[in-house]
Amino acid sequence: MAETMVNWGVNCVFGMVGHSNLGFADALRRQEEKGNLKFIAIRHEGAASFAASAYGKLTGKPAACFAIAGPGSTNMYTGLWDAKVDRAPILALTGQVATQVVGTGNFQEVDLVRAFDSVAEFNHRVEHKSKHAELMGLAIKHAIIKRDVSHLTFPDEVQEIAIDEGLKAGLPEYRITPMTIAPPMESLEKALNLLNNAKRPVIIVGHGARFHMKKIIVLAEKLNAPVMTTFKAKGQIADNHPLGCGVLGRSGTPIASWFMNESDVLLVIGASFSNHTGITPKKPTIQIDFDPLALSKFHAVDVAVWGEISVTVEMINGQLKNLANKTSQVPEINARREIWLAEKQNRLKDESAVGISSIAVFDELNKQSPANAVMCVDVGNNAYSFGRYFECKEQTFLMSGYLGSIGFALPASIGAWTAVGNTRPIIVVAGDGGFCQYLAEMTTLVKYNIPVKIILLNNNELGKISKEQRAGEFDVWATDLVNPDFAEYANGCGALGIKVTERAHLKKAMAEIMAHNGPALLEIKTDVKLI
């Protein structure tokens with residue numbers, strides 16, 4: 001089964017070895033010794049599933065997370081839900097106590113098939129008589145095609161069965177059809193009719209469009225259409241592209257909101273119309289998605305187009321006829337950018353004796369982060385400020401989108417590095433609340449010399465929750481935090497840690513972190529009010 005997994009391209013595993021998964025762990029060891037597999041031993045199984053989720057979001061391919069029976073497996077649950085709701089393929093592999101004691105209250109006994117039933121699209125216990133290679137192939141096939149969670153659990157006795165010499169590992173050849181599905185012609189013609197008649201079309205792209213942006217940008221340039229993204233899709237078009245308008249919604253910019261409201265047609269691609277994004281239902285709307293259930297999910301749209309995104313966009317681009325009526329919106333985009341730039345420059349003047357402003361942090365990160373970095377962003381006020389103030393170039397962004405799970409960023413960086421190695425820099429943006437969730441994974445970075453750079457905004461508070469309490473007219477309660485010295489903690493783990501409490505020292509400290517050959521953390525004392 002391990003060999004089949006590798007044959008199907010699942011060659012990254014994040015997990016923890018323990019007494020109820022030793023047989024499968026030994027099979028993974030043999031694959032790693034052959035150079036077929038990379039195993040990352042994490043410190044908490046929740047970090048394993050978040051790392052595998054991030055790997056799936058970044059690559060579109062599944063990685064595996066691996067745990068023992070009982071608590072090891074249940075620890076992975078949150079990261080699996082993160083992958084599920086963000087449509088990232090993932091494979092969960094769990095050990096299990098011997099089948100004969102399942103249901104008896106045995107030590108670390110949890111019925112894992114039942115426990116994973118709500119999260120896993122494919123969910124099976126491996127048995128003595130299972131067609132083992134075929135079962136692994138089906139699990140991975142479901143993860144890839146459904147973009148969902150597959151789970152296999154291995155009882156102790158199955159892991160100790162001697163292999164039949166006549167059995168062979170499975171192969172993926174001829175087992176998955178190409179996914180380049182063209183849309184129905186009636187939907188395509190309706191979409192073309194709306195776009196041909198539109199004078200001010202706007203394109204809104206979601207996370208589902210992340211692998212199709214080259215063709216989408218070609219279409220945008222042909223339509224002269226401003227392009228904005230959902231928060232999860234931040235960076236899919238550069239902020240300095242002539243048609244780039246940044247993020248739409250609560251974490252976004254006034255540029256995006258203005259052009260959406262001034263449009264006469266919205267072309268929405270790979271987005272799900274979440275409340276956070278705030279796509280207006282008041283404009284004529286074309287929605288393109290690979291998932292028919294995502295079309296018109298929350299309200300009716302004028303034209304719902306089901307098809308593979310690249311194929312659909314290319315067909316629209318090739319069949320557009322009326323371009324002479326399109327308004328040139330680039331001068332307006334430039335003007336709106338100048339207004340927003342002036343507003344940001346004004347906010348940069350905010351000073352505080354308590355700590356540095358978030359905009360000052362991200363203004364410096366704009367200048368120092370490599371253009372091709374993978375940015376792993378946590379949940380909280382740090383994410384809202386990041387959405388508004390960080391200017392995208394060619395970076396890729398990973399976040400816990402629909403689950404919105406605090407603590408995602410640090411383990412996600414492990415998954416990102418496993419996907420890209422040292423070919424791209426990896427940067428974590430986190431608050432003190434999120435970072436503490438998986439604090440021990442700092443030692444994982446050190447163990448594997450993963451050169452992640454961590455930008456940690458420390459305001460000693462769950463600031464976003466305090467803000468929500470005030471907005472709901474509740475008392476601010478139980479959101480204050482007692483934190484360690486994070487920079488000293490990083491140094492104690494064997495990484496580089498630097499602390500900054502004054503803005504004048506921010507530039508030098510960030511440059512030192514970025515230049516360090518290995519994992520490094522910059523702790524920045526920030527003012528919770530200056531977000």
# chains A, B, ... in the order shown; residues from 1 in each chain; ligands from 1

call {"tool": "residues_around", "arguments": {"residues": "A:Val218", "least_positions_apart": "5", "cutoff": "10 Å", "atoms": "only C-alpha atoms", "output": "PyMOL selection string"}}
result
chain A and resi 213+223-224+313-314+317

call {"tool": "closest_residue", "arguments": {"among": "A:Glu109, A:Asp291, A:Glu134, A:Glu45", "to": "A:Ala92", "atoms": "only C-alpha atoms"}}
result
A:Glu45

call {"tool": "residues_around", "arguments": {"residues": "stretch 393-410 of chain A", "least_positions_apart": "4", "cutoff": "7 Å", "atoms": "only C-alpha atoms", "output": "count of residues only"}}
result
26

call {"tool": "residues_around", "arguments": {"residues": "A:Ser73", "least_positions_apart": "5", "cutoff": "8 Å", "atoms": "only C-alpha atoms", "output": "mmCIF file with N, CA and C atoms, in the first residue's frame"}}
result
data_model
loop_
_atom_site.group_PDB
_atom_site.id
_atom_site.type_symbol
_atom_site.label_atom_id
_atom_site.label_comp_id
_atom_site.auth_asym_id
_atom_site.auth_seq_id
_atom_site.Cartn_x
_atom_site.Cartn_y
_atom_site.Cartn_z
ATOM 1 N N GLU A 45 -0.109 16.088 15.958
ATOM 2 C CA GLU A 45 -0.772 15.570 14.762
ATOM 3 C C GLU A 45 -1.650 16.615 14.067
ATOM 4 N N PHE A 66 -0.377 11.331 9.098
ATOM 5 C CA PHE A 66 -0.187 9.985 9.623
ATOM 6 C C PHE A 66 -0.184 10.039 11.148
ATOM 7 N N ALA A 67 -0.990 9.167 11.782
ATOM 8 C CA ALA A 67 -1.111 9.223 13.239
ATOM 9 C C ALA A 67 -1.412 7.846 13.807
ATOM 10 N N ILE A 68 -1.295 7.746 15.123
ATOM 11 C CA ILE A 68 -1.655 6.518 15.825
ATOM 12 C C ILE A 68 -3.162 6.490 16.062
ATOM 13 N N THR A 94 -4.292 6.332 9.448
ATOM 14 C CA THR A 94 -4.302 6.195 10.896
ATOM 15 C C THR A 94 -4.054 4.746 11.304
ATOM 16 N N GLY A 95 -3.294 4.583 12.372
ATOM 17 C CA GLY A 95 -3.196 3.282 13.001
ATOM 18 C C GLY A 95 -4.470 3.001 13.793
ATOM 19 N N LEU A 112 -12.580 4.660 14.457
ATOM 20 C CA LEU A 112 -12.109 5.747 13.589
ATOM 21 C C LEU A 112 -12.904 5.854 12.300
#

call {"tool": "select_by_dssp", "arguments": {"residues": "stretch 427-467 of chain A", "states": "alpha helix (DSSP H)", "output": "short mmCIF file (atom, residue, chain, number, x, y, z; two decimals) with N, CA and C atoms, in the first residue's frame"}}
result
data_model
loop_
_atom_site.label_atom_id
_atom_site.label_comp_id
_atom_site.auth_asym_id
_atom_site.auth_seq_id
_atom_site.Cartn_x
_atom_site.Cartn_y
_atom_site.Cartn_z
N ASP A 432 0.24 36.53 18.03
CA ASP A 432 0.69 35.76 19.19
C ASP A 432 -0.29 34.66 19.55
N GLY A 433 -1.59 34.91 19.39
CA GLY A 433 -2.57 33.88 19.70
C GLY A 433 -2.45 32.66 18.81
N GLY A 434 -2.34 32.86 17.51
CA GLY A 434 -2.23 31.75 16.57
C GLY A 434 -0.91 31.02 16.69
N PHE A 435 0.17 31.76 16.86
CA PHE A 435 1.49 31.14 16.89
C PHE A 435 1.61 30.17 18.07
N GLU A 441 6.21 23.37 16.94
CA GLU A 441 6.69 23.09 15.58
C GLU A 441 7.88 23.94 15.19
N MET A 442 8.24 24.90 16.05
CA MET A 442 9.50 25.62 15.84
C MET A 442 10.66 24.62 15.84
N THR A 443 10.56 23.59 16.68
CA THR A 443 11.62 22.59 16.73
C THR A 443 11.63 21.73 15.47
N THR A 444 10.47 21.57 14.83
CA THR A 444 10.43 20.84 13.56
C THR A 444 11.18 21.61 12.48
N LEU A 445 11.00 22.94 12.46
CA LEU A 445 11.76 23.76 11.51
C LEU A 445 13.25 23.58 11.71
N VAL A 446 13.66 23.54 12.96
CA VAL A 446 15.10 23.41 13.26
C VAL A 446 15.59 22.01 12.89
N LYS A 447 14.81 20.98 13.22
CA LYS A 447 15.23 19.60 12.96
C LYS A 447 15.54 19.38 11.49
N GLY A 463 -6.85 40.10 19.69
CA GLY A 463 -7.37 41.42 19.36
C GLY A 463 -8.64 41.41 18.55
N LYS A 464 -8.75 40.47 17.61
CA LYS A 464 -9.96 40.43 16.79
C LYS A 464 -11.17 40.07 17.63
N ILE A 465 -11.00 39.19 18.61
CA ILE A 465 -12.12 38.79 19.46
C ILE A 465 -12.54 39.96 20.36
N SER A 466 -11.56 40.69 20.88
CA SER A 466 -11.90 41.89 21.66
C SER A 466 -12.72 42.86 20.83
N LYS A 467 -12.31 43.02 19.57
CA LYS A 467 -13.03 43.92 18.66
C LYS A 467 -14.45 43.45 18.43
#

call {"tool": "residues_around", "arguments": {"residues": "stretch 523-528 of chain A", "least_positions_apart": "6", "cutoff": "9 Å", "atoms": "only C-alpha atoms", "output": "NGL selection string"}}
result
:A and (352-358 or 361 or 381 or 454-464 or 485-487 or 497-502 or 506)

call {"tool": "atom_distance", "arguments": {"atom1": "atom CA of A:Met136", "atom2": "atom CA of A:Trp8"}}
result
9.2 Å

call {"tool": "closest_residue", "arguments": {"among": "A:Thr59, A:Asn197, A:Ser53, A:Asn325", "to": "A:Val420", "atoms": "only C-alpha atoms"}}
result
A:Thr59

call {"tool": "closest_residue", "arguments": {"among": "A:Ala63, A:Leu28, A:Ala383, A:Ala88", "to": "A:Ile359", "atoms": "only C-alpha atoms"}}
result
A:Ala383

call {"tool": "closest_residue", "arguments": {"among": "A:Leu243, A:Ile40, A:Gln96, A:Lys508", "to": "A:Ile450", "atoms": "only C-alpha atoms"}}
result
A:Ile40

call {"tool": "residues_around", "arguments": {"residues": "A:Ile42", "least_positions_apart": "4", "cutoff": "7 Å", "atoms": "only C-alpha atoms", "output": "MDAnalysis selection string"}}
result
chainID A and resid 14:16 47:48 441 444

call {"tool": "residues_around", "arguments": {"residues": "A:Ala64", "least_positions_apart": "4", "cutoff": "10 Å", "atoms": "only C-alpha atoms", "output": "list in words"}}
result
Met5, Val10, Asn11, Cys12, Val13, Phe14, Gly15, Phe39, Ala48, Ser49, Ala51, Ala52, Ser53, Tyr55, Gly56, Pro89, Ile90, Leu91, Ala92, Leu93, Ile140, Ser150 and His151 of chain A

call {"tool": "write_last_selection", "arguments": {"atoms": "C-alpha atoms", "output": "PDB file, in the first residue's frame"}}
result
ATOM      1  CA  MET A   5       0.719   5.512  -2.599  1.00  0.00           C
ATOM      2  CA  VAL A  10       1.750  10.903  -2.824  1.00  0.00           C
ATOM      3  CA  ASN A  11       5.353  11.222  -1.732  1.00  0.00           C
ATOM      4  CA  CYS A  12       5.120  13.611   1.233  1.00  0.00           C
ATOM      5  CA  VAL A  13       3.904  12.408   4.640  1.00  0.00           C
ATOM      6  CA  PHE A  14       3.578  14.471   7.824  1.00  0.00           C
ATOM      7  CA  GLY A  15       3.024  12.572  11.038  1.00  0.00           C
ATOM      8  CA  PHE A  39       8.573  11.975   5.892  1.00  0.00           C
ATOM      9  CA  ALA A  48       0.531  17.210  10.359  1.00  0.00           C
ATOM     10  CA  SER A  49      -2.949  17.656   8.898  1.00  0.00           C
ATOM     11  CA  ALA A  51       0.826  20.851   6.739  1.00  0.00           C
ATOM     12  CA  ALA A  52      -0.791  18.340   4.381  1.00  0.00           C
ATOM     13  CA  SER A  53      -3.719  20.717   3.801  1.00  0.00           C
ATOM     14  CA  TYR A  55       0.547  21.224   0.544  1.00  0.00           C
ATOM     15  CA  GLY A  56      -2.724  20.397  -1.230  1.00  0.00           C
ATOM     16  CA  PRO A  89      -6.994  16.943  -1.629  1.00  0.00           C
ATOM     17  CA  ILE A  90      -5.585  15.127   1.404  1.00  0.00           C
ATOM     18  CA  LEU A  91      -4.934  11.557   2.539  1.00  0.00           C
ATOM     19  CA  ALA A  92      -5.281  10.621   6.222  1.00  0.00           C
ATOM     20  CA  LEU A  93      -3.603   7.393   7.367  1.00  0.00           C
ATOM     21  CA  ILE A 140      -6.093   8.685  -3.611  1.00  0.00           C
ATOM     22  CA  SER A 150      -9.678  10.288   2.037  1.00  0.00           C
ATOM     23  CA  HIS A 151      -9.071   8.201   5.158  1.00  0.00           C
TER      24      HIS A 151
END

call {"tool": "atom_distance", "arguments": {"atom1": "atom CA of A:Asn491", "atom2": "atom CA of A:Gly79"}}
result
27.8 Å

call {"tool": "closest_residue", "arguments": {"among": "A:His505, A:Arg30, A:Lys199, A:Lys131", "to": "A:Gln329", "atoms": "only C-alpha atoms"}}
result
A:Lys199

call {"tool": "select_by_dssp", "arguments": {"residues": "stretch 129-257 of chain A", "states": "strand (DSSP E)", "output": "PyMOL selection string"}}
result
chain A and resi 149-155+201-205+227-229+244-247

call {"tool": "write_last_selection", "arguments": {"atoms": "N, CA and C atoms", "output": "PDB file, in the first residue's frame"}}
result
ATOM      1  N   VAL A 149     -11.170  14.805   1.406  1.00  0.00           N
ATOM      2  CA  VAL A 149     -10.439  13.993   2.369  1.00  0.00           C
ATOM      3  C   VAL A 149     -10.674  12.511   2.093  1.00  0.00           C
ATOM      4  N   SER A 150      -9.600  11.744   2.031  1.00  0.00           N
ATOM      5  CA  SER A 150      -9.678  10.288   2.037  1.00  0.00           C
ATOM      6  C   SER A 150      -8.997   9.774   3.290  1.00  0.00           C
ATOM      7  N   HIS A 151      -9.602   8.738   3.901  1.00  0.00           N
ATOM      8  CA  HIS A 151      -9.071   8.201   5.158  1.00  0.00           C
ATOM      9  C   HIS A 151      -9.015   6.679   5.089  1.00  0.00           C
ATOM     10  N   LEU A 152      -7.866   6.145   5.464  1.00  0.00           N
ATOM     11  CA  LEU A 152      -7.695   4.701   5.632  1.00  0.00           C
ATOM     12  C   LEU A 152      -7.153   4.452   7.029  1.00  0.00           C
ATOM     13  N   THR A 153      -7.752   3.493   7.736  1.00  0.00           N
ATOM     14  CA  THR A 153      -7.255   3.142   9.057  1.00  0.00           C
ATOM     15  C   THR A 153      -6.772   1.700   9.059  1.00  0.00           C
ATOM     16  N   PHE A 154      -5.659   1.450   9.736  1.00  0.00           N
ATOM     17  CA  PHE A 154      -4.946   0.171   9.673  1.00  0.00           C
ATOM     18  C   PHE A 154      -4.939  -0.490  11.047  1.00  0.00           C
ATOM     19  N   PRO A 155      -5.810  -1.479  11.295  1.00  0.00           N
ATOM     20  CA  PRO A 155      -5.747  -2.218  12.561  1.00  0.00           C
ATOM     21  C   PRO A 155      -4.386  -2.884  12.734  1.00  0.00           C
ATOM     22  N   PRO A 201     -17.257  45.560 -17.610  1.00  0.00           N
ATOM     23  CA  PRO A 201     -17.206  44.269 -16.925  1.00  0.00           C
ATOM     24  C   PRO A 201     -16.088  44.237 -15.892  1.00  0.00           C
ATOM     25  N   VAL A 202     -16.293  43.444 -14.855  1.00  0.00           N
ATOM     26  CA  VAL A 202     -15.312  43.250 -13.791  1.00  0.00           C
ATOM     27  C   VAL A 202     -15.148  41.752 -13.571  1.00  0.00           C
ATOM     28  N   ILE A 203     -13.924  41.320 -13.312  1.00  0.00           N
ATOM     29  CA  ILE A 203     -13.648  39.914 -13.029  1.00  0.00           C
ATOM     30  C   ILE A 203     -13.283  39.763 -11.552  1.00  0.00           C
ATOM     31  N   ILE A 204     -13.965  38.833 -10.884  1.00  0.00           N
ATOM     32  CA  ILE A 204     -13.674  38.502  -9.488  1.00  0.00           C
ATOM     33  C   ILE A 204     -13.192  37.057  -9.448  1.00  0.00           C
ATOM     34  N   VAL A 205     -11.976  36.843  -8.966  1.00  0.00           N
ATOM     35  CA  VAL A 205     -11.435  35.481  -8.932  1.00  0.00           C
ATOM     36  C   VAL A 205     -11.331  34.992  -7.493  1.00  0.00           C
ATOM     37  N   VAL A 227      -9.614  43.415 -12.295  1.00  0.00           N
ATOM     38  CA  VAL A 227      -9.602  42.093 -11.663  1.00  0.00           C
ATOM     39  C   VAL A 227      -9.388  42.265 -10.168  1.00  0.00           C
ATOM     40  N   MET A 228     -10.287  41.687  -9.392  1.00  0.00           N
ATOM     41  CA  MET A 228     -10.148  41.684  -7.943  1.00  0.00           C
ATOM     42  C   MET A 228     -10.264  40.253  -7.447  1.00  0.00           C
ATOM     43  N   THR A 229      -9.807  40.012  -6.235  1.00  0.00           N
ATOM     44  CA  THR A 229      -9.788  38.663  -5.702  1.00  0.00           C
ATOM     45  C   THR A 229     -10.552  38.584  -4.386  1.00  0.00           C
ATOM     46  N   GLY A 244      -5.104  45.154 -11.845  1.00  0.00           N
ATOM     47  CA  GLY A 244      -5.235  44.590 -10.503  1.00  0.00           C
ATOM     48  C   GLY A 244      -5.857  45.572  -9.528  1.00  0.00           C
ATOM     49  N   CYS A 245      -6.881  45.110  -8.806  1.00  0.00           N
ATOM     50  CA  CYS A 245      -7.598  45.972  -7.848  1.00  0.00           C
ATOM     51  C   CYS A 245      -7.538  45.454  -6.420  1.00  0.00           C
ATOM     52  N   GLY A 246      -6.752  44.403  -6.170  1.00  0.00           N
ATOM     53  CA  GLY A 246      -6.599  43.921  -4.807  1.00  0.00           C
ATOM     54  C   GLY A 246      -7.749  43.053  -4.341  1.00  0.00           C
ATOM     55  N   VAL A 247      -7.877  42.978  -3.019  1.00  0.00           N
ATOM     56  CA  VAL A 247      -8.839  42.084  -2.364  1.00  0.00           C
ATOM     57  C   VAL A 247     -10.173  42.780  -2.177  1.00  0.00           C
TER      58      VAL A 247
END

call {"tool": "atom_distance", "arguments": {"atom1": "atom CA of A:Ser310", "atom2": "atom CA of A:Thr230"}}
result
18.6 Å
